[in-house]
Amino acid sequence: MNNYPKYKICVSGAAETGHCGPDSFTEAEALGKEIILQGGVLVDGATTGFPYWAAKGAKKENGIVVGLSPAESEKEHINFYNLPIDYHDMIIYTGFGYSGRNLLLTRSADAVVVGCGRMGTLNEFTIAFEDKKPIGVLEGEWETDELIKIMIEKSHRAKEMENKIVFSKDPKELIKKVIELIKEEKGRNNH
């Protein structure tokens with residue numbers, strides 16, 4: 001068996017986490033650790049907040065973390081966007097701003113996992129939804145998981161995604177479920 005990680009799992013969440021509750025960083029870190037422990041590579045928006053703490057958790061397990069930045073260079077990433085570069089093995093500078101970065105970020109991953117978030121997180125969720133990607137939603141003290149449930153219900157398309165979206169309050173269980181979705185997806189696509 002190959003020793004390299006098999007699954008690219010995007011962690012989507014708020015860069016500004018004031019509304020997320022006191023346990024959000026702990027949950028994000030646990031999510032990052034589980035991605036690595038279960039054979040994945042963490043992909044994120046090379047940003048602060050929830051994804052940053054997930055990256056930190058992944059690095060504690062000596063995992064691989066790849067970030068996609070909205071900036072066109074490291075200088076712009078740091079000086080204009082005020083984003084960090086630590087806890088990443090590689091940062092790809094897209095030069096496409098936040099909305100372009102979000103599209104590339106979700107498309108580069110095998111699955112998207114959503115934690116506490118805001119509008120950008122919901123944007124990444126809707127891209128993954130439109131692309132029919134496997135999606136995991138971490139339930140927590142925040143409202144993001146509830147908003148996503150409402151969006152799915154009111155989309156009039158819940159049926160087509162019923163076997164592609166999983167929810168859990170436990171990061172370990174959530175990543176296990178997400179990897180099962182990825183395996184099913186790869187099996188359907190004969191990879």
# chains A, B, ... in the order shown; residues from 1 in each chain; ligands from 1
>>> closest_atom_pairs(of="region 14-126 of chain A", to="region 160-167 of chain A", cutoff="10 Å", atoms="only C-alpha atoms", output="tab-separated table")
residue	atom	partner	partner_atom	distance
A:Ala111	CA	A:Lys164	CA	9.6
A:Val112	CA	A:Ile165	CA	9.6
A:Val113	CA	A:Val166	CA	9.4
A:Val114	CA	A:Phe167	CA	9.6
>>> residues_around(residues="region 30-42 of chain A", least_positions_apart="2", cutoff="6 Å", atoms="only C-alpha atoms", output="CSV table (one decimal) with N, CA and C atoms, in the first residue's frame")
chain,number,residue,atom,x,y,z
A,5,PRO,N,-0.8,10.2,1.6
A,5,PRO,CA,-2.2,10.4,1.9
A,5,PRO,C,-3.1,10.3,0.6
A,6,LYS,N,-4.3,9.8,0.8
A,6,LYS,CA,-5.1,9.6,-0.4
A,6,LYS,C,-6.1,10.7,-0.7
A,7,TYR,N,-6.6,11.3,0.4
A,7,TYR,CA,-7.7,12.2,0.2
A,7,TYR,C,-7.4,13.7,0.5
A,8,LYS,N,-7.8,14.5,-0.4
A,8,LYS,CA,-7.7,16.0,-0.2
A,8,LYS,C,-9.0,16.5,0.3
A,9,ILE,N,-8.9,16.9,1.6
A,9,ILE,CA,-10.1,17.4,2.3
A,9,ILE,C,-10.0,18.9,2.6
A,10,CYS,N,-10.9,19.7,2.1
A,10,CYS,CA,-10.9,21.1,2.3
A,10,CYS,C,-11.6,21.4,3.6
A,27,GLU,N,-12.3,22.6,18.3
A,27,GLU,CA,-13.0,21.7,17.4
A,27,GLU,C,-12.3,21.8,16.0
A,28,ALA,N,-11.8,23.0,15.6
A,28,ALA,CA,-11.1,23.1,14.3
A,28,ALA,C,-9.8,22.3,14.4
A,54,ALA,N,-7.4,24.5,12.1
A,54,ALA,CA,-7.4,23.1,11.5
A,54,ALA,C,-6.1,22.8,11.0
A,55,ALA,N,-5.4,23.7,10.3
A,55,ALA,CA,-4.1,23.5,9.8
A,55,ALA,C,-3.1,23.3,10.9
A,57,GLY,N,-3.8,21.9,13.8
A,57,GLY,CA,-4.0,20.5,14.3
A,57,GLY,C,-3.4,19.5,13.3
A,58,ALA,N,-3.5,19.7,12.0
A,58,ALA,CA,-2.9,18.8,11.0
A,58,ALA,C,-1.4,18.8,11.2
A,63,GLY,N,1.1,16.3,9.4
A,63,GLY,CA,0.4,16.1,8.2
A,63,GLY,C,0.8,17.1,7.1
A,64,ILE,N,0.2,17.0,5.9
A,64,ILE,CA,0.5,17.9,4.8
A,64,ILE,C,-0.7,18.9,4.8
A,65,VAL,N,-0.4,20.2,4.7
A,65,VAL,CA,-1.4,21.2,4.6
A,65,VAL,C,-1.0,22.1,3.4
A,171,PRO,N,-15.6,15.5,15.4
A,171,PRO,CA,-14.7,15.6,14.3
A,171,PRO,C,-14.2,14.2,13.7
A,172,LYS,N,-13.9,13.3,14.6
A,172,LYS,CA,-13.5,12.0,14.2
A,172,LYS,C,-14.5,11.3,13.4
>>> closest_atom_pairs(of="region 18-111 of chain A", to="region 117-124 of chain A", cutoff="10 Å", atoms="only C-alpha atoms", output="Markdown table")
| residue | atom | partner | partner_atom | distance |
| --- | --- | --- | --- | --- |
| A:His19 | CA | A:Gly117 | CA | 8.9 |
| A:Cys20 | CA | A:Gly117 | CA | 7.7 |
| A:Gly49 | CA | A:Gly117 | CA | 9.5 |
| A:Phe50 | CA | A:Gly117 | CA | 7.9 |
| A:Pro51 | CA | A:Gly117 | CA | 9.8 |
| A:Tyr98 | CA | A:Gly120 | CA | 7.9 |
| A:Ser99 | CA | A:Gly120 | CA | 7.9 |
| A:Arg101 | CA | A:Glu124 | CA | 9.6 |
| A:Asn102 | CA | A:Glu124 | CA | 5.8 |
| A:Leu103 | CA | A:Glu124 | CA | 7.1 |
| A:Leu104 | CA | A:Glu124 | CA | 9.7 |
| A:Leu105 | CA | A:Glu124 | CA | 8.1 |
| A:Thr106 | CA | A:Glu124 | CA | 6.4 |
| A:Arg107 | CA | A:Glu124 | CA | 9.7 |
>>> closest_residue(among="A:Gly18, A:Gly45, A:Pro134, A:Gly13", to="Ile85 (chain A)", atoms="only C-alpha atoms")
A:Gly45
>>> select_by_dssp(residues="chain A", states="helix (DSSP H, G or I)", output="ChimeraX atom specification")
/A:24-37,49-60,74-79,97-108,119-130,144-154,158-161,171-188
>>> closest_atom_pairs(of="region 47-141 of chain A", to="region 145-150 of chain A", cutoff="9 Å", atoms="only C-alpha atoms", output="tab-separated table")
residue	atom	partner	partner_atom	distance
A:Val114	CA	A:Asp145	CA	8.1
A:Gly115	CA	A:Asp145	CA	7.7
A:Cys116	CA	A:Asp145	CA	7.7
A:Gly117	CA	A:Asp145	CA	8.9
A:Leu122	CA	A:Ile148	CA	7.7
A:Phe125	CA	A:Ile148	CA	8.2
A:Val137	CA	A:Asp145	CA	6.3
A:Leu138	CA	A:Asp145	CA	6.9
A:Glu139	CA	A:Asp145	CA	5.5
A:Gly140	CA	A:Asp145	CA	7.4
>>> atom_distance(atom1="CA of Glu173 (chain A)", atom2="CA of Pro84 (chain A)")
29.0 Å
>>> closest_residue(among="A:Glu72, A:Asp44, A:Asp170, A:Glu185", to="Thr94 (chain A)", atoms="only C-alpha atoms")
A:Glu72
>>> select_by_dssp(residues="region 34-190 of chain A", states="strand (DSSP E or B)", output="VMD selection string")
chain A and resid 40 to 44 65 to 69 90 to 93 111 to 114 135 to 138 165 to 168
>>> write_last_selection(atoms="C-alpha atoms", output="PDB file, in the first residue's frame")
ATOM      1  CA  GLY A  40      -5.896  12.834   4.266  1.00  0.00           C
ATOM      2  CA  VAL A  41      -4.217  16.024   3.180  1.00  0.00           C
ATOM      3  CA  LEU A  42      -5.751  19.224   4.535  1.00  0.00           C
ATOM      4  CA  VAL A  43      -6.509  21.897   1.957  1.00  0.00           C
ATOM      5  CA  ASP A  44      -7.628  25.354   3.083  1.00  0.00           C
ATOM      6  CA  VAL A  65      -1.362  21.225   4.582  1.00  0.00           C
ATOM      7  CA  VAL A  66      -1.861  23.006   1.263  1.00  0.00           C
ATOM      8  CA  GLY A  67      -3.332  26.499   1.220  1.00  0.00           C
ATOM      9  CA  LEU A  68      -4.880  28.399  -1.672  1.00  0.00           C
ATOM     10  CA  SER A  69      -4.500  32.124  -1.226  1.00  0.00           C
ATOM     11  CA  MET A  90       2.687  24.923   0.414  1.00  0.00           C
ATOM     12  CA  ILE A  91       0.610  27.967  -0.446  1.00  0.00           C
ATOM     13  CA  ILE A  92      -0.647  28.423  -3.978  1.00  0.00           C
ATOM     14  CA  TYR A  93      -1.095  32.099  -4.815  1.00  0.00           C
ATOM     15  CA  ALA A 111     -14.498  16.752  -0.254  1.00  0.00           C
ATOM     16  CA  VAL A 112     -15.322  19.927   1.650  1.00  0.00           C
ATOM     17  CA  VAL A 113     -15.765  20.013   5.424  1.00  0.00           C
ATOM     18  CA  VAL A 114     -17.571  23.046   6.827  1.00  0.00           C
ATOM     19  CA  ILE A 135     -19.617  17.546   2.028  1.00  0.00           C
ATOM     20  CA  GLY A 136     -19.205  17.182   5.779  1.00  0.00           C
ATOM     21  CA  VAL A 137     -20.747  19.696   8.171  1.00  0.00           C
ATOM     22  CA  LEU A 138     -19.348  19.984  11.685  1.00  0.00           C
ATOM     23  CA  ILE A 165     -23.805  15.501   2.769  1.00  0.00           C
ATOM     24  CA  VAL A 166     -23.090  14.244   6.277  1.00  0.00           C
ATOM     25  CA  PHE A 167     -23.365  15.962   9.654  1.00  0.00           C
ATOM     26  CA  SER A 168     -21.716  15.265  13.005  1.00  0.00           C
TER      27      SER A 168
END
>>> closest_residue(among="A:Leu181, A:Gly21, A:Gly95, A:Thr144", to="Lys75 (chain A)", atoms="only C-alpha atoms")
A:Gly95
>>> atom_distance(atom1="CA of Ile78 (chain A)", atom2="CA of Ile127 (chain A)")
26.3 Å
